[in-house]
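Have a look at upload_31.cif; it's mmCIF, C-alpha atoms:
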data_protein
#
loop_
_atom_site.group_PDB
_atom_site.id
_atom_site.type_symbol
_atom_site.label_atom_id
_atom_site.label_comp_id
_atom_site.auth_asym_id
_atom_site.auth_seq_id
_atom_site.Cartn_x
_atom_site.Cartn_y
_atom_site.Cartn_z
ATOM 1 C CA MET S 1 0.000 0.000 0.000
ATOM 2 C CA PRO S 2 1.265 3.513 -0.737
ATOM 3 C CA ILE S 3 2.546 5.308 2.310
ATOM 4 C CA GLY S 4 4.392 8.409 1.099
ATOM 5 C CA HIS S 5 6.469 9.929 -1.626
ATOM 6 C CA VAL S 6 10.130 10.140 -2.515
ATOM 7 C CA ARG S 7 11.582 13.434 -1.317
ATOM 8 C CA SER S 8 14.457 15.141 -3.027
ATOM 9 C CA THR S 9 16.352 14.921 0.255
ATOM 10 C CA ASP S 10 16.308 11.104 0.217
ATOM 11 C CA VAL S 11 19.744 10.820 -1.294
ATOM 12 C CA VAL S 12 22.141 7.925 -0.915
ATOM 13 C CA SER S 13 24.972 8.821 1.433
ATOM 14 C CA GLY S 14 28.348 9.373 -0.188
ATOM 15 C CA SER S 15 30.001 6.658 1.877
ATOM 16 C CA PHE S 16 27.673 3.970 0.539
ATOM 17 C CA ARG S 17 29.382 1.153 -1.377
ATOM 18 C CA PRO S 18 27.252 -1.547 -2.999
ATOM 19 C CA ARG S 19 28.261 -5.069 -2.018
ATOM 20 C CA ASN S 20 27.104 -6.938 -5.087
ATOM 21 C CA ALA S 21 26.101 -6.430 -8.703
ATOM 22 C CA ILE S 22 22.368 -6.470 -7.995
ATOM 23 C CA GLU S 23 22.679 -3.734 -5.425
ATOM 24 C CA ARG S 24 24.956 -1.685 -7.668
ATOM 25 C CA GLU S 25 22.627 -1.743 -10.673
ATOM 26 C CA ASN S 26 19.617 -0.837 -8.572
ATOM 27 C CA TYR S 27 21.311 2.015 -6.785
ATOM 28 C CA ARG S 28 22.557 3.294 -10.135
ATOM 29 C CA MET S 29 18.929 3.732 -11.194
ATOM 30 C CA TYR S 30 17.973 5.579 -8.040
ATOM 31 C CA ASP S 31 17.951 9.343 -8.376
ATOM 32 C CA ALA S 32 16.194 11.264 -5.629
ATOM 33 C CA SER S 33 15.716 14.422 -7.669
ATOM 34 C CA ALA S 34 14.406 12.650 -10.783
ATOM 35 C CA MET S 35 12.190 10.361 -8.714
ATOM 36 C CA GLU S 36 10.886 13.074 -6.407
ATOM 37 C CA GLY S 37 7.186 12.677 -5.711
ATOM 38 C CA LEU S 38 6.900 9.049 -6.806
ATOM 39 C CA PRO S 39 4.815 6.920 -4.457
ATOM 40 C CA VAL S 40 6.630 4.894 -1.855
ATOM 41 C CA GLY S 41 4.957 2.082 0.001
ATOM 42 C CA VAL S 42 4.971 -0.790 2.400
ATOM 43 C CA GLN S 43 3.900 -4.372 1.912
ATOM 44 C CA VAL S 44 1.543 -6.341 4.134
ATOM 45 C CA ILE S 45 2.123 -10.077 4.143
ATOM 46 C CA GLY S 46 -0.474 -12.468 5.493
ATOM 47 C CA LYS S 47 -0.894 -16.197 5.561
ATOM 48 C CA ARG S 48 -2.471 -18.117 2.735
ATOM 49 C CA LEU S 49 -6.196 -17.404 2.274
ATOM 50 C CA ASP S 50 -5.986 -14.733 4.939
ATOM 51 C CA GLU S 51 -6.941 -11.775 2.760
ATOM 52 C CA GLU S 52 -9.459 -10.274 5.189
ATOM 53 C CA ARG S 53 -6.865 -10.024 7.903
ATOM 54 C CA VAL S 54 -4.444 -8.362 5.498
ATOM 55 C CA LEU S 55 -7.109 -5.845 4.450
ATOM 56 C CA GLU S 56 -7.865 -5.107 8.108
ATOM 57 C CA GLY S 57 -4.153 -4.612 8.671
ATOM 58 C CA MET S 58 -4.016 -2.147 5.799
ATOM 59 C CA LYS S 59 -6.991 -0.265 7.244
ATOM 60 C CA LEU S 60 -5.230 -0.143 10.606
ATOM 61 C CA ILE S 61 -2.044 1.246 9.069
ATOM 62 C CA GLU S 62 -4.033 3.805 7.088
ATOM 63 C CA LYS S 63 -5.843 4.914 10.245
ATOM 64 C CA LEU S 64 -2.608 5.187 12.198
ATOM 65 C CA MET S 65 -0.980 7.229 9.450
ATOM 66 C CA LYS S 66 -4.003 9.531 9.315
ATOM 67 C CA GLY S 67 -3.901 9.884 13.071
ATOM 68 C CA ALA S 68 -0.278 10.945 12.846
ATOM 69 C CA GLY S 69 -1.162 13.502 10.163
ATOM 70 C CA LEU S 70 0.748 11.558 7.512
ATOM 71 C CA ALA S 71 -2.144 10.341 5.378
ATOM 72 C CA TYR S 72 -1.186 9.360 1.859
ATOM 73 C CA THR S 73 -2.245 11.788 -0.829
ATOM 74 C CA GLY S 74 -2.284 10.745 -4.469
ATOM 75 C CA ILE S 75 -0.096 12.334 -7.119
ATOM 76 C CA PRO S 76 -1.888 15.344 -8.618
ATOM 77 C CA ILE S 77 -2.480 14.797 -12.324
ATOM 78 C CA MET V 1 13.303 -10.157 -18.924
ATOM 79 C CA THR V 2 14.822 -10.296 -22.407
ATOM 80 C CA PRO V 3 18.444 -10.435 -21.186
ATOM 81 C CA ALA V 4 17.394 -13.099 -18.690
ATOM 82 C CA PHE V 5 15.973 -15.320 -21.428
ATOM 83 C CA ARG V 6 19.000 -14.648 -23.580
ATOM 84 C CA ALA V 7 21.212 -15.806 -20.715
ATOM 85 C CA LEU V 8 19.092 -18.947 -20.335
ATOM 86 C CA ARG V 9 19.807 -19.885 -23.940
ATOM 87 C CA LEU V 10 23.576 -19.652 -23.507
ATOM 88 C CA PRO V 11 25.538 -22.892 -23.260
ATOM 89 C CA ARG V 12 26.079 -23.953 -19.678
ATOM 90 C CA PHE V 13 29.877 -23.749 -19.762
ATOM 91 C CA ILE V 14 29.767 -20.080 -20.784
ATOM 92 C CA MET V 15 27.573 -19.365 -17.773
ATOM 93 C CA LYS V 16 30.002 -21.361 -15.629
ATOM 94 C CA ILE V 17 32.892 -19.226 -16.855
ATOM 95 C CA TYR V 18 30.875 -16.102 -16.075
ATOM 96 C CA VAL V 19 30.100 -17.452 -12.590
ATOM 97 C CA TRP V 20 33.761 -18.179 -12.031
ATOM 98 C CA TYR V 21 34.610 -14.633 -13.159
ATOM 99 C CA LEU V 22 31.994 -13.131 -10.838
ATOM 100 C CA ARG V 23 33.032 -15.256 -7.886
ATOM 101 C CA TYR V 24 36.796 -15.079 -8.047
ATOM 102 C CA VAL V 25 37.605 -11.969 -10.084
ATOM 103 C CA ARG V 26 34.784 -9.636 -9.115
ATOM 104 C CA ARG V 27 34.520 -11.257 -5.639
ATOM 105 C CA ASP V 28 30.748 -11.138 -5.703
ATOM 106 C CA PRO V 29 29.546 -14.505 -4.333
ATOM 107 C CA ILE V 30 25.939 -13.362 -4.013
ATOM 108 C CA TYR V 31 25.438 -12.476 -7.628
ATOM 109 C CA ALA V 32 27.574 -15.448 -8.659
ATOM 110 C CA GLY V 33 25.233 -17.767 -6.747
ATOM 111 C CA LEU V 34 22.234 -16.290 -8.498
ATOM 112 C CA VAL V 35 23.779 -16.682 -11.944
ATOM 113 C CA ASP V 36 25.054 -20.161 -11.110
ATOM 114 C CA ASN V 37 21.553 -21.455 -10.430
ATOM 115 C CA PHE V 38 20.070 -19.783 -13.472
ATOM 116 C CA TYR V 39 19.621 -22.641 -15.901
ATOM 117 C CA GLU V 40 16.920 -25.000 -17.019
ATOM 118 C CA LYS V 41 16.496 -27.760 -14.447
ATOM 119 C CA SER V 42 16.164 -31.434 -15.236
ATOM 120 C CA VAL V 43 13.176 -33.267 -13.749
ATOM 121 C CA PRO V 44 15.152 -34.853 -10.867
ATOM 122 C CA GLU V 45 16.661 -31.476 -10.010
ATOM 123 C CA TYR V 46 13.237 -29.906 -10.228
ATOM 124 C CA TYR V 47 11.711 -32.379 -7.780
ATOM 125 C CA ALA V 48 14.630 -31.963 -5.400
ATOM 126 C CA LEU V 49 13.991 -28.217 -5.453
ATOM 127 C CA ILE V 50 10.297 -28.759 -4.773
ATOM 128 C CA ALA V 51 11.206 -30.821 -1.720
ATOM 129 C CA LYS V 52 13.482 -28.008 -0.539
ATOM 130 C CA ARG V 53 10.768 -25.448 -1.134
ATOM 131 C CA GLU V 54 8.221 -27.429 0.866
ATOM 132 C CA ASP V 55 10.729 -27.787 3.674
ATOM 133 C CA TYR V 56 11.370 -24.051 3.601
ATOM 134 C CA ARG V 57 7.643 -23.326 3.673
ATOM 135 C CA ALA V 58 7.191 -25.674 6.616
ATOM 136 C CA ARG V 59 9.955 -23.906 8.534
ATOM 137 C CA TRP V 60 8.430 -20.557 7.684
ATOM 138 C CA PHE V 61 5.018 -21.787 8.870
ATOM 139 C CA ARG V 62 6.404 -23.091 12.159
ATOM 140 C CA ILE V 63 8.193 -19.835 12.882
ATOM 141 C CA TRP V 64 5.035 -17.881 12.055
ATOM 142 C CA ARG V 65 2.892 -20.066 14.329
ATOM 143 C CA ASP V 66 5.400 -20.233 17.177
ATOM 144 C CA THR V 67 6.026 -16.514 17.431
ATOM 145 C CA GLU V 68 4.444 -15.165 20.553
ATOM 146 C CA VAL V 69 2.633 -11.835 20.260
ATOM 147 C CA GLU V 70 1.187 -10.343 23.437
ATOM 148 C CA GLY V 71 0.953 -13.777 24.973
ATOM 149 C CA GLY V 72 -0.804 -15.374 21.993
ATOM 150 C CA LEU V 73 0.461 -18.133 19.745
ATOM 151 C CA GLY V 74 -0.830 -19.641 16.511
ATOM 152 C CA ASP V 75 -4.111 -18.055 15.422
ATOM 153 C CA LYS V 76 -3.820 -15.468 18.182
ATOM 154 C CA GLY V 77 -0.218 -14.706 17.309
ATOM 155 C CA VAL V 78 1.117 -12.989 14.209
ATOM 156 C CA ASP V 79 -1.616 -11.427 12.083
ATOM 157 C CA PHE V 80 0.513 -10.060 9.314
ATOM 158 C CA VAL V 81 4.023 -8.953 8.551
ATOM 159 C CA LEU V 82 4.718 -5.393 7.536
ATOM 160 C CA THR V 83 7.665 -5.215 5.209
ATOM 161 C CA VAL V 84 9.229 -3.237 2.409
ATOM 162 C CA PRO V 85 8.196 -4.298 -1.062
ATOM 163 C CA ASN V 86 10.796 -3.362 -3.646
ATOM 164 C CA ALA V 87 14.051 -1.468 -3.422
ATOM 165 C CA LEU V 88 13.031 1.341 -5.756
ATOM 166 C CA PRO V 89 9.951 3.393 -6.573
ATOM 167 C CA ALA V 90 8.834 3.283 -10.204
ATOM 168 C CA VAL V 91 11.997 2.737 -12.242
ATOM 169 C CA PRO V 92 12.974 4.668 -15.366
ATOM 170 C CA HIS V 93 12.192 3.351 -18.811
ATOM 171 C CA ARG V 94 14.088 0.089 -19.420
ATOM 172 C CA GLY V 95 15.005 0.082 -15.746
ATOM 173 C CA MET V 96 13.726 -3.460 -15.244
ATOM 174 C CA ARG V 97 16.637 -4.686 -17.333
ATOM 175 C CA HIS V 98 18.456 -4.801 -14.014
ATOM 176 C CA GLY V 99 15.591 -4.097 -11.651
ATOM 177 C CA TRP V 100 13.998 -7.547 -11.893
ATOM 178 C CA LYS V 101 16.922 -9.087 -10.036
ATOM 179 C CA ALA V 102 15.955 -7.150 -6.937
ATOM 180 C CA CYS V 103 12.442 -8.594 -6.644
ATOM 181 C CA GLY V 104 13.596 -10.830 -3.801
ATOM 182 C CA TYR V 105 10.616 -10.234 -1.550
ATOM 183 C CA THR V 106 8.189 -10.910 -4.364
ATOM 184 C CA PHE V 107 9.913 -14.224 -4.976
ATOM 185 C CA LEU V 108 10.111 -15.004 -1.284
ATOM 186 C CA PHE V 109 6.484 -14.382 -0.420
ATOM 187 C CA ASN V 110 5.278 -16.176 -3.504
ATOM 188 C CA LEU V 111 7.385 -19.070 -2.391
ATOM 189 C CA VAL V 112 6.355 -19.279 1.223
ATOM 190 C CA SER V 113 2.886 -18.041 1.789
ATOM 191 C CA ASN V 114 0.633 -16.778 -0.903
ATOM 192 C CA ARG V 115 1.448 -19.086 -3.725
ATOM 193 C CA GLY V 116 -1.525 -19.352 -6.053
ATOM 194 C CA ASN V 117 -3.972 -17.169 -4.191
ATOM 195 C CA GLY V 118 -3.554 -13.839 -5.858
ATOM 196 C CA CYS V 119 -3.042 -10.564 -4.161
ATOM 197 C CA THR V 120 -2.300 -10.571 -0.464
ATOM 198 C CA ALA V 121 0.800 -8.515 -1.083
ATOM 199 C CA LEU V 122 0.497 -4.931 -2.208
ATOM 200 C CA PHE V 123 3.287 -2.851 -3.481
ATOM 201 C CA MET V 124 5.293 0.313 -3.531
ATOM 202 C CA THR V 125 8.604 1.270 -1.971
ATOM 203 C CA LEU V 126 10.763 2.607 0.796
ATOM 204 C CA ASP V 127 11.941 5.988 1.906
ATOM 205 C CA ALA V 128 15.050 7.206 3.652
ATOM 206 C CA LEU V 129 17.658 5.469 1.550
ATOM 207 C CA ALA V 130 20.359 7.414 3.298
ATOM 208 C CA ARG V 131 19.842 5.345 6.421
ATOM 209 C CA LEU V 132 19.523 2.051 4.606
ATOM 210 C CA GLN V 133 22.340 -0.302 5.433
ATOM 211 C CA CYS V 134 20.766 -3.715 4.921
ATOM 212 C CA ARG V 135 21.993 -5.439 1.828
ATOM 213 C CA GLY V 136 19.941 -5.461 -1.342
ATOM 214 C CA ASP V 137 17.036 -7.742 -0.578
ATOM 215 C CA ALA V 138 17.550 -9.417 -3.894
ATOM 216 C CA ASP V 139 19.944 -11.961 -2.615
ATOM 217 C CA TRP V 140 18.850 -14.061 0.275
ATOM 218 C CA PRO V 141 15.697 -15.830 -0.881
ATOM 219 C CA CYS V 142 17.486 -16.740 -4.077
ATOM 220 C CA GLN V 143 20.369 -18.079 -2.061
ATOM 221 C CA GLU V 144 17.993 -20.165 -0.029
ATOM 222 C CA TYR V 145 16.524 -21.700 -3.095
#
What do you get writing this file as structure tokens?
Amino acid sequence: MPIGHVRSTDVVSGSFRPRNAIERENYRMYDASAMEGLPVGVQVIGKRLDEERVLEGMKLIEKLMKGAGLAYTGIPI
Amino acid sequence: MTPAFRALRLPRFIMKIYVWYLRYVRRDPIYAGLVDNFYEKSVPEYYALIAKREDYRARWFRIWRDTEVEGGLGDKGVDFVLTVPNALPAVPHRGMRHGWKACGYTFLFNLVSNRGNGCTALFMTLDALARLQCRGDADWPCQEY
């Protein structure tokens, strides 16, 4: 579920060194200023055939985020 | 996925040479392990992997059921796990050329819990990369497999 957006301040620290090829290629794609405003999310994992519980969990997270004044707002089009 | 399929069509010994290069020249055992296992499996190998997968799922299930949450176990224990989905937000055009290798959590959770029952997992990405020090989540489920 979406939880926020990339901010232009979310830059990779200069001391970061990727430890394998997968990490390197993925970090090479990351660009905080180009990706600013893109949705960022979290993932809720439940057991098999446990969809209702997962949906309730998502509702709970949404409510908590709203309560903290951090409700997700869509990208204006 | 195109480069992945192209790699699958290569003769095995070329892949082996590439694995050797990755492991001993580039000193990248994680990526080397991923490339090493990337070939078409024979039926006996396939069934051996299924047995391993079922064992892994059973271990996962036991840990899930045996984790105590506020004094409850089993059905009263863990309701769901909150995790990060993918390492990046939406990637640039052609970004999945490399990006697909980092779908470790997608692979993992398909493997262990929600195989064949559609969408319990919903996506997007993480913030605060500056603080991130865990290693790319691409590697460990693939290593397990």
Problem - Selection result of the PyMOL selection byres ((chain S and resi 2) around 7) on this file, as a PyMOL selection string - result: (chain S and resi 1+3-4+39-42+72) or (chain V and resi 124)
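Here CA of Val19 in chain V is placed at a distance of 23.2 Å from CA of Val43 in chain V.
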Considering all atoms listed in the file, give me a table of residues in chain S that are at most 8 Å from chain V, with the closest atom pair and distance in Å for each, as a Markdown table.
| residue | atom | partner | partner_atom | distance |
| --- | --- | --- | --- | --- |
| S:Met1 | CA | V:Leu122 | CA | 5.4 |
| S:Pro2 | CA | V:Met124 | CA | 5.9 |
| S:Gly4 | CA | V:Asp127 | CA | 8.0 |
| S:His5 | CA | V:Asp127 | CA | 7.6 |
| S:Val6 | CA | V:Asp127 | CA | 6.3 |
| S:Asp10 | CA | V:Ala128 | CA | 5.3 |
| S:Val11 | CA | V:Ala130 | CA | 5.8 |
| S:Val12 | CA | V:Ala130 | CA | 4.6 |
| S:Ser13 | CA | V:Ala130 | CA | 5.2 |
| S:Arg19 | CA | V:Arg135 | CA | 7.4 |
| S:Asn20 | CA | V:Asp28 | CA | 5.6 |
| S:Ala21 | CA | V:Tyr31 | CA | 6.2 |
| S:Ile22 | CA | V:Lys101 | CA | 6.4 |
| S:Glu23 | CA | V:Gly136 | CA | 5.2 |
| S:Glu25 | CA | V:His98 | CA | 6.2 |
| S:Asn26 | CA | V:Gly99 | CA | 6.0 |
| S:Met29 | CA | V:Gly95 | CA | 7.0 |
| S:Tyr30 | CA | V:Leu88 | CA | 6.9 |
| S:Met35 | CA | V:Pro89 | CA | 7.6 |
| S:Leu38 | CA | V:Pro89 | CA | 6.4 |
| S:Pro39 | CA | V:Pro89 | CA | 6.6 |
| S:Val40 | CA | V:Thr125 | CA | 4.1 |
| S:Gly41 | CA | V:Met124 | CA | 4.0 |
| S:Val42 | CA | V:Val84 | CA | 4.9 |
| S:Gln43 | CA | V:Thr83 | CA | 5.1 |
| S:Val44 | CA | V:Leu82 | CA | 4.7 |
| S:Ile45 | CA | V:Val81 | CA | 4.9 |
| S:Gly46 | CA | V:Phe80 | CA | 4.6 |
| S:Lys47 | CA | V:Ser113 | CA | 5.6 |
| S:Arg48 | CA | V:Asn114 | CA | 5.0 |
| S:Leu49 | CA | V:Asn117 | CA | 6.8 |
| S:Asp50 | CA | V:Thr120 | CA | 7.8 |
| S:Glu51 | CA | V:Thr120 | CA | 5.8 |
| S:Arg53 | CA | V:Asp79 | CA | 6.9 |
| S:Val54 | CA | V:Phe80 | CA | 6.5 |
| S:Gly57 | CA | V:Phe80 | CA | 7.2 |
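Of note, CA of Met15 in chain V and CA of Glu40 in chain V are spaced 12.1 Å apart.
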Exercise for the section: Please identify all polymer residues lying at most 8 Å from the point (1.0, 12.6, -7.1) (file coordinates), using all atoms listed in the file, and present the result as number ranges by chain. Expected result: S: 37-39, 73-77
Please save C-alpha atoms of the selected residues as a JSON list (two decimals), keeping the file's coordinate frame.
[["chain", "number", "residue", "atom", "x", "y", "z"],
["S", 37, "GLY", "CA", 7.19, 12.68, -5.71],
["S", 38, "LEU", "CA", 6.90, 9.05, -6.81],
["S", 39, "PRO", "CA", 4.82, 6.92, -4.46],
["S", 73, "THR", "CA", -2.24, 11.79, -0.83],
["S", 74, "GLY", "CA", -2.28, 10.74, -4.47],
["S", 75, "ILE", "CA", -0.10, 12.33, -7.12],
["S", 76, "PRO", "CA", -1.89, 15.34, -8.62],
["S", 77, "ILE", "CA", -2.48, 14.80, -12.32]]
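Closest approach to Ala32 in chain S among S:Lys63, S:Arg7, S:Leu55, S:Gly14 is made by S:Arg7 (distances from all atoms listed in the file).
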Would you compute an axis-aligned box for range 45-63 of chain S, covering every atom listed for it in the file with 3 Å of margin on each side, and report centre and edge lengths in Å to one decimal as JSON?
{"center_x": -3.7, "center_y": -6.6, "center_z": 6.4, "size_x": 17.6, "size_y": 29.0, "size_z": 14.3}
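Going from CA of Lys16 in chain V to CA of Asn37 in chain V covers 9.9 Å.
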Practice task
Considering only C-alpha atoms, return as a PyMOL selection string whatever protein or nucleic-acid residues lie within 12 Å of Ile14 in chain V, sequence-local ones (same chain, fewer than 6 positions apart) excluded.
Solution key: chain V and resi 7-8+20-21+35-36+39
